[in-house]
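Structure data follow from protein.txt (compact mmCIF, C-alpha atoms):
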```txt
# COMPACT_ATOMS: atom_id res chain seq x y z
CA MET A 1 56.39 4.74 126.82
CA LYS A 2 52.69 4.17 126.21
CA ASN A 3 51.99 7.60 127.59
CA SER A 4 54.35 9.44 125.29
CA LYS A 5 52.89 7.57 122.31
CA MET A 6 49.43 8.71 123.31
CA ILE A 7 50.62 12.29 123.60
CA GLY A 8 52.21 11.98 120.19
CA ILE A 9 48.97 10.79 118.63
CA ALA A 10 47.06 13.54 120.37
CA ILE A 11 49.42 16.19 119.04
CA ILE A 12 49.17 14.83 115.50
CA THR A 13 45.37 14.74 115.74
CA VAL A 14 45.14 18.31 117.00
CA PHE A 15 47.57 19.43 114.34
CA GLY A 16 45.60 17.65 111.66
CA LEU A 17 42.37 19.20 112.84
CA SER A 18 43.82 22.68 112.81
CA MET A 19 45.14 22.14 109.30
CA THR A 20 41.78 21.01 107.94
CA ALA A 21 40.16 23.96 109.68
CA CYS A 22 42.46 26.21 107.70
CA SER A 23 41.87 24.67 104.32
CA ASN A 24 38.11 24.51 104.87
CA GLN A 25 37.83 28.17 105.67
CA PRO A 26 35.69 29.73 102.94
CA LYS A 27 37.37 32.36 100.80
CA PRO A 28 36.12 35.88 101.40
CA LEU A 29 33.81 37.41 98.79
CA TYR A 30 36.40 40.06 97.92
CA THR A 31 40.10 40.61 98.42
CA TYR A 32 40.73 43.61 100.63
CA GLY A 33 44.28 42.97 101.84
CA ASN A 34 44.97 45.59 104.49
CA TYR A 35 42.80 48.26 102.86
CA SER A 36 40.77 48.93 106.01
CA GLU A 37 43.89 49.25 108.20
CA SER A 38 45.71 51.57 105.81
CA TYR A 39 42.56 53.65 105.34
CA TYR A 40 42.41 54.09 109.12
CA ALA A 41 46.15 54.85 109.29
CA SER A 42 45.74 57.53 106.62
CA LYS A 43 43.10 59.23 108.78
CA LYS A 44 45.10 58.90 111.98
CA ASP A 45 48.28 60.38 110.53
CA VAL A 46 47.53 62.52 107.52
CA ASN A 47 50.75 62.63 105.48
CA SER A 48 52.13 61.54 102.12
CA ASP A 49 53.49 58.25 103.52
CA THR A 50 50.15 57.03 104.81
CA ALA A 51 48.43 58.25 101.64
CA LEU A 52 50.88 56.22 99.56
CA GLU A 53 50.29 53.16 101.76
CA LEU A 54 46.56 53.52 101.17
CA GLN A 55 47.08 53.70 97.41
CA LYS A 56 49.32 50.60 97.56
CA SER A 57 46.69 48.66 99.51
CA ILE A 58 44.04 49.59 96.93
CA GLU A 59 46.34 48.45 94.11
CA TYR A 60 47.01 45.22 96.00
CA ALA A 61 43.27 44.58 96.42
CA ILE A 62 42.75 45.10 92.69
CA GLU A 63 45.70 42.95 91.60
CA ASN A 64 44.68 40.07 93.86
CA ALA A 65 40.94 40.20 93.26
CA HIS A 66 41.09 36.90 91.34
CA GLU A 67 41.93 35.09 94.59
CA SER A 68 38.58 35.97 96.13
CA ARG A 69 35.38 33.90 95.93
CA SER A 70 33.73 36.34 93.53
CA GLY A 71 36.89 36.88 91.49
CA ARG A 72 35.77 40.50 91.17
CA VAL A 73 37.44 43.66 92.37
CA ALA A 74 35.60 44.86 95.51
CA PRO A 75 33.01 47.65 95.16
CA GLY A 76 34.47 51.14 95.10
CA MET A 77 38.10 50.04 94.66
CA TYR A 78 38.52 51.26 91.08
CA ALA A 79 36.62 54.42 91.97
CA ASN A 80 38.97 55.00 94.92
CA LEU A 81 41.98 54.53 92.69
CA GLY A 82 40.51 56.79 90.01
CA TYR A 83 39.93 59.48 92.59
CA ILE A 84 43.57 59.28 93.72
CA TYR A 85 44.65 59.69 90.09
CA LEU A 86 42.27 62.61 89.69
CA LYS A 87 43.70 64.41 92.71
CA ALA A 88 47.19 63.86 91.29
CA GLY A 89 46.11 65.42 87.99
CA LYS A 90 46.29 62.15 86.05
CA THR A 91 42.91 62.62 84.44
CA GLU A 92 43.25 60.02 81.72
CA LYS A 93 44.05 57.28 84.22
CA ALA A 94 41.23 58.55 86.42
CA ILE A 95 38.70 58.19 83.61
CA GLU A 96 40.04 54.72 82.81
CA SER A 97 39.51 53.63 86.43
CA PHE A 98 36.03 55.15 86.63
CA ASN A 99 35.07 53.25 83.49
CA LYS A 100 36.35 50.01 85.03
CA GLU A 101 34.26 50.60 88.17
CA LYS A 102 31.25 51.08 85.94
CA SER A 103 31.85 47.94 83.92
CA ILE A 104 32.08 45.74 87.05
CA TYR A 105 29.29 47.45 88.99
CA PRO A 106 26.50 48.97 86.90
CA GLU A 107 25.13 50.41 90.18
CA SER A 108 27.91 53.01 89.98
CA THR A 109 27.14 54.13 86.40
CA HIS A 110 25.31 57.34 87.30
CA PHE A 111 28.01 58.51 89.72
CA MET A 112 30.96 57.51 87.53
CA ASP A 113 29.45 59.21 84.47
CA ARG A 114 29.01 62.36 86.54
CA MET A 115 32.70 62.27 87.50
CA ILE A 116 33.88 61.59 83.95
CA ASN A 117 31.64 64.37 82.67
CA LYS A 118 33.09 66.79 85.23
CA ILE A 119 36.62 65.98 84.10
CA THR A 120 35.89 66.42 80.43
CA VAL A 121 34.08 69.71 81.04
CA ALA A 122 36.96 70.99 83.20
CA GLU A 123 39.45 70.09 80.51
CA GLY A 124 37.34 71.70 77.82
CA LYS A 125 37.25 68.57 75.67
CA MET B 126 39.16 20.53 142.68
CA LYS B 127 36.21 18.64 141.27
CA ASN B 128 33.95 20.84 143.33
CA LYS B 129 35.40 24.02 141.87
CA PHE B 130 34.85 22.72 138.37
CA THR B 131 31.22 21.98 139.12
CA ILE B 132 30.74 25.51 140.46
CA LEU B 133 32.33 26.92 137.32
CA LEU B 134 30.04 24.93 135.06
CA PHE B 135 27.05 25.91 137.11
CA THR B 136 28.00 29.59 136.90
CA ILE B 137 28.45 29.50 133.14
CA ALA B 138 25.17 27.65 132.66
CA SER B 139 23.26 30.12 134.80
CA ILE B 140 24.82 33.11 133.02
CA MET B 141 23.76 31.64 129.70
CA LEU B 142 20.29 30.99 131.03
CA PHE B 143 19.88 34.54 132.31
CA THR B 144 21.13 36.29 129.20
CA GLY B 145 18.93 33.99 127.14
CA CYS B 146 15.87 35.10 129.08
CA GLY B 147 16.41 38.80 128.46
CA ALA B 148 16.25 38.75 124.68
CA THR B 149 13.38 38.22 122.30
CA TYR B 150 14.19 36.89 118.87
CA ILE B 151 12.69 37.84 115.56
CA THR B 152 13.46 36.81 111.98
CA LYS B 153 15.02 39.13 109.41
CA GLY B 154 11.94 38.78 107.26
CA THR B 155 9.61 39.95 110.04
CA ALA B 156 11.92 42.67 111.32
CA PHE B 157 12.83 44.24 107.97
CA PRO B 158 10.17 43.30 105.37
CA LYS B 159 10.81 46.43 103.29
CA MET B 160 14.36 45.29 102.51
CA TYR B 161 12.88 42.21 100.85
CA GLU B 162 10.16 44.19 99.09
CA GLN B 163 12.36 46.94 97.65
CA GLN B 164 15.50 44.79 97.13
CA PRO B 165 18.00 47.65 97.02
CA ARG B 166 21.31 46.97 95.25
CA SER B 167 23.44 49.86 96.44
CA ILE B 168 24.22 51.74 99.65
CA LEU B 169 25.61 55.25 99.87
CA ILE B 170 27.51 55.39 103.16
CA LEU B 171 27.37 58.91 104.57
CA PRO B 172 29.86 60.36 107.05
CA PRO B 173 28.75 59.38 110.56
CA MET B 174 26.91 61.62 112.97
CA ASN B 175 29.10 61.93 116.03
CA GLU B 176 27.31 62.21 119.34
CA SER B 177 30.27 61.00 121.41
CA THR B 178 32.73 63.17 123.31
CA ASP B 179 35.60 62.17 121.02
CA ALA B 180 35.94 64.58 118.10
CA GLU B 181 38.11 62.17 116.11
CA ALA B 182 35.59 59.33 116.28
CA LYS B 183 33.87 60.55 113.12
CA ASP B 184 36.92 60.27 110.87
CA TYR B 185 38.06 57.01 112.44
CA TYR B 186 34.72 55.25 112.43
CA MET B 187 34.18 56.20 108.80
CA THR B 188 37.02 53.88 107.79
CA THR B 189 35.26 50.78 109.17
CA THR B 190 31.94 50.69 107.32
CA GLU B 191 32.68 50.24 103.62
CA MET B 192 34.07 46.72 103.86
CA PRO B 193 31.41 44.92 105.95
CA PHE B 194 28.48 46.36 104.00
CA ALA B 195 30.13 45.36 100.71
CA LEU B 196 30.76 41.87 102.05
CA MET B 197 27.04 41.58 102.88
CA GLY B 198 26.47 41.80 99.14
CA TYR B 199 25.71 45.44 98.39
CA TYR B 200 27.37 47.87 96.04
CA THR B 201 28.93 50.38 98.42
CA PHE B 202 29.95 53.75 97.09
CA PRO B 203 33.58 54.64 97.93
CA THR B 204 33.26 56.39 101.32
CA GLU B 205 36.37 58.58 101.11
CA MET B 206 35.52 59.89 97.68
CA VAL B 207 31.88 60.49 98.62
CA SER B 208 32.74 62.40 101.80
CA ASP B 209 35.29 64.50 99.86
CA ILE B 210 32.67 65.41 97.29
CA MET B 211 30.21 66.28 100.06
CA LYS B 212 32.82 68.63 101.52
CA GLN B 213 33.34 70.25 98.14
CA GLU B 214 29.60 70.72 97.84
CA GLY B 215 29.66 72.33 101.27
CA VAL B 216 27.63 69.66 103.04
CA TYR B 217 30.11 67.86 105.26
CA ASP B 218 28.18 68.97 108.31
CA THR B 219 26.20 65.83 109.13
CA GLU B 220 23.28 67.87 110.46
CA ILE B 221 22.68 69.09 106.90
CA LEU B 222 23.37 65.69 105.35
CA TYR B 223 20.92 63.90 107.57
CA ASN B 224 18.15 66.39 106.91
CA MET B 225 18.55 66.50 103.15
CA PRO B 226 15.66 65.16 101.04
CA LEU B 227 16.63 61.57 100.28
CA ASP B 228 15.80 61.70 96.57
CA LYS B 229 18.77 64.10 96.18
CA TYR B 230 21.08 61.15 96.82
CA TYR B 231 19.43 59.22 94.06
CA GLU B 232 19.68 62.21 91.77
CA TYR B 233 23.38 62.83 92.40
CA PHE B 234 24.80 59.35 92.98
CA GLY B 235 22.13 57.01 91.65
CA ALA B 236 22.11 55.28 95.04
CA ASP B 237 19.15 53.04 95.98
CA THR B 238 19.67 53.62 99.69
CA VAL B 239 21.58 55.78 102.13
CA LEU B 240 23.28 54.53 105.28
CA PHE B 241 23.13 56.80 108.29
CA THR B 242 25.37 55.93 111.21
CA ARG B 243 25.26 57.53 114.62
CA ILE B 244 28.18 57.19 117.01
CA LYS B 245 26.31 57.18 120.31
CA LYS B 246 29.27 56.32 122.50
CA TRP B 247 33.01 56.21 121.86
CA ASP B 248 34.54 56.84 125.24
CA VAL B 249 36.42 55.47 128.16
CA SER B 250 34.69 55.91 131.48
CA TYR B 251 36.80 55.95 134.60
CA MET B 252 35.45 54.64 137.84
CA VAL B 253 37.07 54.15 141.23
CA LEU B 254 38.09 50.57 140.70
CA ALA B 255 37.78 50.08 137.00
CA SER B 256 37.67 51.76 133.63
CA SER B 257 35.87 50.61 130.56
CA LEU B 258 35.64 51.52 126.92
CA THR B 259 32.18 51.71 125.39
CA ILE B 260 31.52 51.95 121.69
CA SER B 261 27.92 52.14 120.58
CA ILE B 262 26.81 52.57 116.98
CA GLU B 263 23.34 52.95 115.52
CA ALA B 264 23.01 52.20 111.83
CA LYS B 265 20.02 52.91 109.62
CA ILE B 266 19.31 52.30 105.92
CA MET B 267 16.83 54.66 104.23
CA SER B 268 15.35 54.26 100.76
CA THR B 269 16.11 57.13 98.37
CA LYS B 270 13.01 56.24 96.36
CA THR B 271 10.34 56.03 99.04
CA SER B 272 12.21 57.82 101.88
CA GLU B 273 11.20 54.93 104.15
CA GLU B 274 13.38 53.37 106.80
CA LEU B 275 14.31 49.88 105.55
CA TRP B 276 16.60 48.65 108.30
CA LYS B 277 17.94 49.83 111.63
CA TYR B 278 20.10 48.23 114.29
CA THR B 279 22.33 49.20 117.19
CA GLY B 280 25.55 47.50 118.28
CA THR B 281 27.39 48.12 121.52
CA VAL B 282 30.75 46.82 122.67
CA VAL B 283 32.00 47.30 126.22
CA VAL B 284 35.64 46.52 126.97
CA ASP B 285 36.99 46.27 130.50
CA LEU B 286 40.26 48.21 130.66
CA SER B 287 41.01 47.64 134.37
CA GLY B 288 44.57 46.78 135.08
CA GLY B 289 46.33 45.52 138.19
CA ASP B 290 44.75 43.19 140.71
CA THR B 291 41.37 42.11 139.48
CA GLY B 292 40.62 39.98 142.50
CA GLY B 293 40.31 36.25 142.87
CA GLY B 294 37.73 33.80 141.67
CA ILE B 295 36.32 33.22 138.24
CA ALA B 296 35.39 36.82 137.61
CA GLY B 297 38.98 37.80 138.38
CA LEU B 298 40.34 35.27 135.92
CA ILE B 299 38.06 36.45 133.14
CA ALA B 300 38.89 40.07 133.85
CA LYS B 301 42.61 39.30 133.75
CA ALA B 302 42.24 37.59 130.42
CA ILE B 303 40.48 40.62 128.99
CA VAL B 304 43.10 42.98 130.38
CA ALA B 305 45.84 40.93 128.76
CA ALA B 306 44.09 41.15 125.42
CA VAL B 307 43.44 44.85 125.70
CA ASN B 308 46.83 45.99 126.99
CA THR B 309 48.43 45.30 123.64
CA ALA B 310 46.26 47.92 121.97
CA THR B 311 44.54 49.95 124.65
CA ALA B 312 43.99 52.96 122.47
CA ASP B 313 42.89 51.09 119.39
CA TYR B 314 39.20 51.97 119.48
CA VAL B 315 38.71 51.14 115.84
CA LYS B 316 39.25 47.46 116.51
CA TYR B 317 36.24 47.54 118.85
CA ALA B 318 34.25 49.68 116.45
CA ARG B 319 34.67 46.84 113.95
CA GLN B 320 33.33 44.43 116.59
CA ALA B 321 30.32 46.70 117.12
CA ASN B 322 29.78 46.63 113.35
CA GLY B 323 29.85 42.84 113.51
CA LYS B 324 27.00 42.92 116.05
CA ILE B 325 25.01 45.12 113.68
CA LEU B 326 25.79 43.55 110.32
CA TYR B 327 24.57 40.02 111.00
CA THR B 328 21.03 41.42 111.15
CA LEU B 329 21.16 42.99 107.68
CA PRO B 330 19.36 41.07 104.93
CA ALA B 331 21.97 39.95 102.36
CA GLY B 332 22.42 41.99 99.20
CA PRO B 333 22.46 40.86 95.55
CA TYR B 334 26.19 40.00 95.50
CA ASN B 335 25.85 37.68 98.50
CA LYS B 336 24.80 34.04 97.95
CA MET B 337 22.23 34.40 100.77
CA TYR B 338 20.36 37.07 98.78
CA MET B 339 16.59 36.65 99.28
CA LYS B 340 17.25 33.41 101.17
CA ASP B 341 17.85 34.70 104.71
CA GLN B 342 14.34 35.74 105.77
CA ASP B 343 14.30 33.06 108.48
CA VAL B 344 17.61 34.01 110.10
CA LYS B 345 16.97 35.02 113.71
CA LEU B 346 18.22 38.13 115.43
CA ILE B 347 17.65 39.85 118.76
CA ASP B 348 14.60 42.08 118.55
CA GLN B 349 15.56 45.64 119.48
CA SER B 350 12.22 47.24 118.67
CA ILE B 351 10.59 46.27 121.98
CA GLU B 352 13.40 47.50 124.23
CA LYS B 353 12.22 51.08 124.28
```

Whole structure, structure tokens version:
Amino acid sequence: MKNSKMIGIAIITVFGLSMTACSNQPKPLYTYGNYSESYYASKKDVNSDTALELQKSIEYAIENAHESRSGRVAPGMYANLGYIYLKAGKTEKAIESFNKEKSIYPESTHFMDRMINKITVAEGK
Amino acid sequence: MKNKFTILLFTIASIMLFTGCGATYITKGTAFPKMYEQQPRSILILPPMNESTDAEAKDYYMTTTEMPFALMGYYTFPTEMVSDIMKQEGVYDTEILYNMPLDKYYEYFGADTVLFTRIKKWDVSYMVLASSLTISIEAKIMSTKTSEELWKYTGTVVVDLSGGDTGGGIAGLIAKAIVAAVNTATADYVKYARQANGKILYTLPAGPYNKMYMKDQDVKLIDQSIEK
């Protein structure tokens, strides 16, 4: 009787400890979701399905950025998305994404401006 | 029973003692002072140089670098987009990339630094009684403004892939545990490449988006400069 009580307490303690461990875990700086995995999958099997999965994971990372410690979209995510739009011929959406990358990370300004400039020149605007 | 436990403890303690002896430690501040002087904000990750026997290692390894360097607090340029643009410019060949004047990267991308990675090993070696997977990565950050090397570190992961009877004793038990973990994803090299990255990344001074920025000079790491 005494023994089973002890075991019970032990189980509750261990359970409690594991729970606190979970809640105390610091939030990551950025939300990536399964970006890294789907990026790898898209290299391993190059096809439209894996490419779509990669796009979805990028969109997920952007939509859930507020859950991260920084609250910001991770570096390169908007640029990645913009590049996917660009390859699909959606130039307006591409420019919009490149501008977002720039507004979050000024470090990307030079590169993003170069991309936007290329698009506008190509379109003769 | 008690005796066996004592032997086990003794073995673990002596292993720890021996591995401890082999390494010399150095602080981040002493090892990489130029990172703290130049305080770069962004890293342009270039396609890796593949020196391994596996032709696919280049494409696969490339998918593992963006995330950890961003999490260390740097602005990382989107790797896929950058490598695509390099290809369009006719410079996907890493030989050319790695010999290009570094200020070109500042000119084109506005990047403060460039990350060169070298896949030194990415293979399974088969021996009579065992086989093991070795992944070894050398990473190096170069300034695009001064062309100086700011940071360099190598990470190696060796995974025992031996199946079947691994023999008795403690070594056997440990080997069996590793086999069990590996069998679920024997071919998944990328998982171990990420581990190798982990061994490299802890030595990198934190970037401006990390709360440890300019506060981690005293963090210790294993000194690799005296090995060779």

Original post:
Leaving out B:Tyr223 and any residue of its chain fewer than 5 positions from it, which residues lie within 12 Å of it when counting all atoms listed in the file, given as a ChimeraX atom specification?
Top reply: /B:170-175,216-218,229-230,239-243,265-267

Please dump the current selection as an mmCIF file, in the coordinates of the input; keep C-alpha atoms.
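Now in selection05.cif:
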```cif
data_model
loop_
_atom_site.group_PDB
_atom_site.id
_atom_site.type_symbol
_atom_site.label_atom_id
_atom_site.label_comp_id
_atom_site.auth_asym_id
_atom_site.auth_seq_id
_atom_site.Cartn_x
_atom_site.Cartn_y
_atom_site.Cartn_z
ATOM 1 C CA ILE B 170 27.510 55.390 103.160
ATOM 2 C CA LEU B 171 27.370 58.910 104.570
ATOM 3 C CA PRO B 172 29.860 60.360 107.050
ATOM 4 C CA PRO B 173 28.750 59.380 110.560
ATOM 5 C CA MET B 174 26.910 61.620 112.970
ATOM 6 C CA ASN B 175 29.100 61.930 116.030
ATOM 7 C CA VAL B 216 27.630 69.660 103.040
ATOM 8 C CA TYR B 217 30.110 67.860 105.260
ATOM 9 C CA ASP B 218 28.180 68.970 108.310
ATOM 10 C CA LYS B 229 18.770 64.100 96.180
ATOM 11 C CA TYR B 230 21.080 61.150 96.820
ATOM 12 C CA VAL B 239 21.580 55.780 102.130
ATOM 13 C CA LEU B 240 23.280 54.530 105.280
ATOM 14 C CA PHE B 241 23.130 56.800 108.290
ATOM 15 C CA THR B 242 25.370 55.930 111.210
ATOM 16 C CA ARG B 243 25.260 57.530 114.620
ATOM 17 C CA LYS B 265 20.020 52.910 109.620
ATOM 18 C CA ILE B 266 19.310 52.300 105.920
ATOM 19 C CA MET B 267 16.830 54.660 104.230
#
```

Subject >> Pairwise distance for atom CA of B:Asp184 and atom CA of B:Ala331, rounded to one decimal in Å >> reply: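 Going from atom CA of B:Asp184 over to atom CA of B:Ala331, I get 26.6 Å.
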
**OP:** Quick one: pull the distance between atom CA of B:Tyr278 and atom CA of B:Ala264, Å, one decimal.
**Re:**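 These atoms are spaced 5.5 Å apart.
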
Subject >> For chain B, the nearest of the candidates A:Asp45, A:Glu92, A:Glu63, A:Glu107, counting all atoms listed in the file >> reply: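 Residue with the minimum atom-to-atom distance to chain B: A:Glu107.
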
**OP:** Hey, list the chain A side of the contact with chain B: 12 Å cut-off, all atoms listed in the file, answer as a PyMOL selection string.
**Re:** chain A and resi 27-46+54+58+68-87+98+101-102+104-115

Subject >> Shortest interatomic distance to B:Tyr161 - which of B:Lys345, B:Val283, B:Thr328, B:Met339, counting only C-alpha atoms >> reply: B:Met339

Subject >> Shell of 12 Å around stretch 151-153 of chain B, all atoms listed in the file, local chain residues under 3 positions omitted, as an MDAnalysis selection string >> reply: chainID B and resid 148 156:161 275:278 326:331 339:351

Subject >> Contacts of B:Val282 at 10 Å (all atoms listed in the file; same-chain gap of 6+ positions) as a PyMOL selection string >> reply: chain B and resi 246-247+258-262+317-322+324

**OP:** Between atom CA of B:Ser257 and atom CA of B:Asp179, measure the distance and give it in Å to one decimal.
**Re:**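 So the answer is 15.0 Å.
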
Original post:
Using all atoms listed in the file, which of the listed residues (B:Glu273, B:Asp228, B:Asp285, B:Asp248) sits closest to B:Glu162?
Top reply: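 Smallest distance to B:Glu162 is found for B:Glu273.
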